[in-house]
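Colleague: Here it is, the structure in full.
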Amino acid sequence: MQVASGYAKVLEEDIAFPSAGFALHGILTLTDEIPSDCAAITLHGWAGTGTGPHRLLVTLGRLLAERGVPTLRFDFSGRGRSEGDARQANLDGMIEDTCAAMDFLRAKGFRRISLIGICSGGNVAIGAATLRPGLTADLVCLSTLPFSPPTPTQGREKAKGYFKQYLRKACSTVTWKRLFHGDVSISRVTRVIKRSLQEDQDQRRLKDSSRDIMGQFKNFPRTANFIYGGNDPEAPEAFKHYQQFCEEHAISATFAFINGSNHNFYSLNWAKDAREKIVAAIMTDLA
């Protein structure tokens, strides 16, 4: 059943489609006018849901639909309303879910589908585009980091961060008083550092793919758009990584920073700026 969205001529419809034996649930945002063959799919981050951070993907989908681009937002398997076990989540599974969403839209008559992903959703967008190159119109990747297999250096850096935090606490008289009264356990601190190190390695394995996605991405024929928060500490390295890669392999690409923004664009102005840049990129590439 279609319901009004609050945007002029924009309706929303609950949908479900299968992926790897599970039913995935989402919302298809569209207009009451005859649609073209263009559509978009928004992809949330690792631990999020289809609404995105502070409903960023909800308002984005409605803006795109208002401009004639029906947009699907959905929950990855094991997240939100979708079936599945979140404990079994991995990047390749999220890519499989996205391909299933693309096939769902193709069955409805859409032949050009833009993929818009935030954080890990951006990695998923790249991965799905390499599996559905003829169906993918273009990409928008927000706050997307390089594909990152675990390395000893990464693990050491995270452990170093925890060590610095504990070192700062060690300079506090309050900490020494707690230690004297037995409220602080040195052995527990050691376990926390070791456990966080292992969890970091395991998490990075889950967020990497069994495929050489970047190797397959070298021949991407459309435009890839990358948007980062200007105050996201991981953005400069990611920006440089993808910019160099696209230049080296002659991939059509655009790059933009949103001044002052953090990783998830947590302010009305940052979110508005992000949405405007995304809509402009999508409408330009579909023109």
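A note on labels: chains of the structure tokens are A, B, ... as shown, every chain counts residues from 1, and ligands are counted from 1 in their shown order.
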Write out as a short mmCIF file (atom, residue, chain, number, x, y, z; two decimals) with N, CA and C atoms, in the first residue's frame which residues come within 10 Å of Ala129 (chain A) when counting only C-alpha atoms, dropping same-chain ones fewer than 6 positions away.
Modeller:
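out.cif, freshly written:
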data_model
loop_
_atom_site.label_atom_id
_atom_site.label_comp_id
_atom_site.auth_asym_id
_atom_site.auth_seq_id
_atom_site.Cartn_x
_atom_site.Cartn_y
_atom_site.Cartn_z
N ILE A 95 26.81 -7.02 0.02
CA ILE A 95 26.87 -6.83 -1.43
C ILE A 95 25.83 -7.72 -2.11
N THR A 98 22.51 -6.15 -1.82
CA THR A 98 22.36 -5.02 -2.73
C THR A 98 22.08 -5.48 -4.15
N CYS A 99 22.75 -6.54 -4.57
CA CYS A 99 22.48 -7.09 -5.90
C CYS A 99 21.03 -7.59 -5.98
N MET A 102 18.90 -4.59 -6.48
CA MET A 102 18.99 -4.12 -7.86
C MET A 102 18.14 -5.00 -8.78
N ILE A 113 20.37 2.21 -12.39
CA ILE A 113 20.20 2.32 -10.94
C ILE A 113 21.45 2.94 -10.32
N SER A 114 21.27 4.06 -9.65
CA SER A 114 22.37 4.70 -8.93
C SER A 114 22.46 4.10 -7.54
N LEU A 115 23.70 3.90 -7.07
CA LEU A 115 23.94 3.34 -5.74
C LEU A 115 24.54 4.43 -4.85
N ASN A 123 31.41 1.07 0.42
CA ASN A 123 32.18 -0.09 -0.03
C ASN A 123 31.26 -1.12 -0.68
N LEU A 135 23.89 -2.55 -15.07
CA LEU A 135 22.70 -2.02 -14.43
C LEU A 135 23.02 -0.76 -13.61
N THR A 136 24.27 -0.61 -13.21
CA THR A 136 24.66 0.52 -12.37
C THR A 136 24.79 1.80 -13.18
N ALA A 137 24.09 2.85 -12.74
CA ALA A 137 24.18 4.14 -13.42
C ALA A 137 25.40 4.90 -12.93
N ASP A 138 25.53 5.07 -11.64
CA ASP A 138 26.66 5.77 -11.07
C ASP A 138 26.71 5.48 -9.58
N LEU A 139 27.73 6.01 -8.93
CA LEU A 139 27.95 5.76 -7.50
C LEU A 139 28.08 7.08 -6.75
N ILE A 213 37.82 -6.54 -5.15
CA ILE A 213 36.84 -5.58 -5.66
C ILE A 213 37.51 -4.41 -6.36
N GLN A 216 38.55 -5.21 -9.79
CA GLN A 216 37.44 -5.25 -10.72
C GLN A 216 36.86 -3.86 -10.97
N PHE A 217 37.07 -2.96 -10.02
CA PHE A 217 36.55 -1.60 -10.12
C PHE A 217 37.36 -0.75 -11.11
N PHE A 220 35.44 0.56 -14.15
CA PHE A 220 34.11 1.11 -13.94
C PHE A 220 33.81 2.17 -15.00
N ARG A 222 31.16 4.29 -15.43
CA ARG A 222 30.32 5.43 -15.11
C ARG A 222 31.08 6.41 -14.21
#
Colleague: Hey, what's within 8 Å of region 107-110 of chain A if we count only C-alpha atoms and toss same-chain stuff fewer than 2 positions away? As number ranges by chain, please?
Modeller: A: 36-39, 103-105, 112-113
Colleague: Write the selection just made, keeping N, CA and C atoms, as a compact mmCIF listing (two decimals), in the first residue's frame?
Modeller:
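out_23.txt, freshly written:
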# COMPACT_ATOMS: atom_id res chain seq x y z
N SER A 36 10.59 7.16 -15.09
CA SER A 36 11.51 6.82 -16.17
C SER A 36 12.13 5.47 -15.85
N ASP A 37 13.18 5.12 -16.55
CA ASP A 37 13.83 3.84 -16.26
C ASP A 37 14.96 4.01 -15.24
N CYS A 38 15.04 5.18 -14.58
CA CYS A 38 16.10 5.47 -13.62
C CYS A 38 15.59 5.31 -12.18
N ALA A 39 16.41 4.76 -11.32
CA ALA A 39 16.07 4.63 -9.91
C ALA A 39 17.36 4.73 -9.10
N ASP A 103 18.19 -6.31 -8.55
CA ASP A 103 17.39 -7.23 -9.37
C ASP A 103 15.89 -7.00 -9.15
N PHE A 104 15.52 -6.66 -7.91
CA PHE A 104 14.12 -6.35 -7.59
C PHE A 104 13.64 -5.14 -8.40
N LEU A 105 14.48 -4.09 -8.45
CA LEU A 105 14.11 -2.90 -9.21
C LEU A 105 14.13 -3.17 -10.71
N ARG A 112 18.50 1.70 -15.14
CA ARG A 112 19.68 2.47 -14.68
C ARG A 112 19.50 2.77 -13.20
N ILE A 113 20.37 2.21 -12.39
CA ILE A 113 20.20 2.32 -10.94
C ILE A 113 21.45 2.94 -10.32
Colleague: Grab the CA of Arg62 (chain A) to CA of Leu145 (chain A) distance for me, in Å with one decimal place.
Modeller: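 CA of Arg62 (chain A) sits 26.4 Å away from CA of Leu145 (chain A).
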Colleague: For region 269-281 of chain A, find every residue with an atom within 8 Å (counting only C-alpha atoms), except residues of its own chain fewer than 6 positions away, and show them as a list in words.
Modeller: Leu56, Leu60, Leu63, Leu64, Val140, Asn225, Ile227, Ile258, Asn259, Gly260 and Ser261 of chain A
Colleague: Can you pull out every residue within 12 Å of Arg55 (chain A), counting only C-alpha atoms, but drop anything in the same chain fewer than 2 positions away, and send it as a PyMOL selection string?
Modeller: chain A and resi 42+44+48-53+57-62+73+264-268+271-272+275
Colleague: Based on the selection just made, write N, CA and C atoms of those residues as a compact mmCIF listing (two decimals), in the first residue's frame.
Modeller:
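part_3.txt, freshly written:
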# COMPACT_ATOMS: atom_id res chain seq x y z
N THR A 42 19.69 3.45 -1.69
CA THR A 42 20.56 3.97 -0.63
C THR A 42 20.99 2.82 0.27
N HIS A 44 22.87 1.77 3.87
CA HIS A 44 23.29 2.25 5.19
C HIS A 44 24.64 1.64 5.60
N GLY A 48 24.06 0.35 11.03
CA GLY A 48 22.86 1.18 10.93
C GLY A 48 21.66 0.43 10.42
N THR A 49 20.67 1.19 9.99
CA THR A 49 19.49 0.65 9.32
C THR A 49 19.21 1.51 8.09
N GLY A 50 18.17 1.16 7.37
CA GLY A 50 17.89 1.83 6.11
C GLY A 50 17.60 3.32 6.21
N THR A 51 17.26 3.79 7.39
CA THR A 51 16.99 5.23 7.53
C THR A 51 18.27 6.05 7.45
N GLY A 52 19.41 5.41 7.77
CA GLY A 52 20.67 6.15 7.79
C GLY A 52 20.80 6.97 9.06
N PRO A 53 21.97 7.58 9.30
CA PRO A 53 22.16 8.41 10.49
C PRO A 53 21.22 9.60 10.48
N LEU A 57 19.03 9.18 4.97
CA LEU A 57 18.65 8.48 3.75
C LEU A 57 17.15 8.56 3.48
N VAL A 58 16.36 8.82 4.52
CA VAL A 58 14.92 8.99 4.32
C VAL A 58 14.65 10.27 3.54
N THR A 59 15.17 11.38 4.02
CA THR A 59 14.95 12.66 3.35
C THR A 59 15.61 12.68 1.98
N LEU A 60 16.76 12.04 1.85
CA LEU A 60 17.43 11.98 0.55
C LEU A 60 16.55 11.26 -0.47
N GLY A 61 15.99 10.11 -0.08
CA GLY A 61 15.14 9.35 -1.00
C GLY A 61 13.93 10.15 -1.45
N ARG A 62 13.36 10.91 -0.53
CA ARG A 62 12.18 11.72 -0.89
C ARG A 62 12.55 12.86 -1.83
N ARG A 73 15.19 2.35 -0.10
CA ARG A 73 16.04 2.20 1.09
C ARG A 73 15.60 0.92 1.78
N ASN A 264 29.33 11.26 10.06
CA ASN A 264 27.92 10.98 9.75
C ASN A 264 27.09 12.22 9.46
N PHE A 265 27.74 13.37 9.27
CA PHE A 265 27.05 14.61 8.89
C PHE A 265 25.98 15.00 9.91
N TYR A 266 26.39 14.98 11.19
CA TYR A 266 25.45 15.23 12.29
C TYR A 266 25.24 16.71 12.56
N SER A 267 24.56 17.37 11.69
CA SER A 267 24.01 18.70 11.94
C SER A 267 23.07 18.99 10.78
N LEU A 268 22.11 19.86 11.00
CA LEU A 268 21.14 20.15 9.95
C LEU A 268 21.82 20.70 8.70
N ALA A 271 23.98 17.90 6.95
CA ALA A 271 23.12 16.94 6.26
C ALA A 271 22.50 17.57 5.02
N LYS A 272 22.08 18.82 5.13
CA LYS A 272 21.49 19.52 3.98
C LYS A 272 22.52 19.66 2.85
N ARG A 275 23.01 16.21 1.22
CA ARG A 275 21.89 15.84 0.35
C ARG A 275 21.93 16.63 -0.96
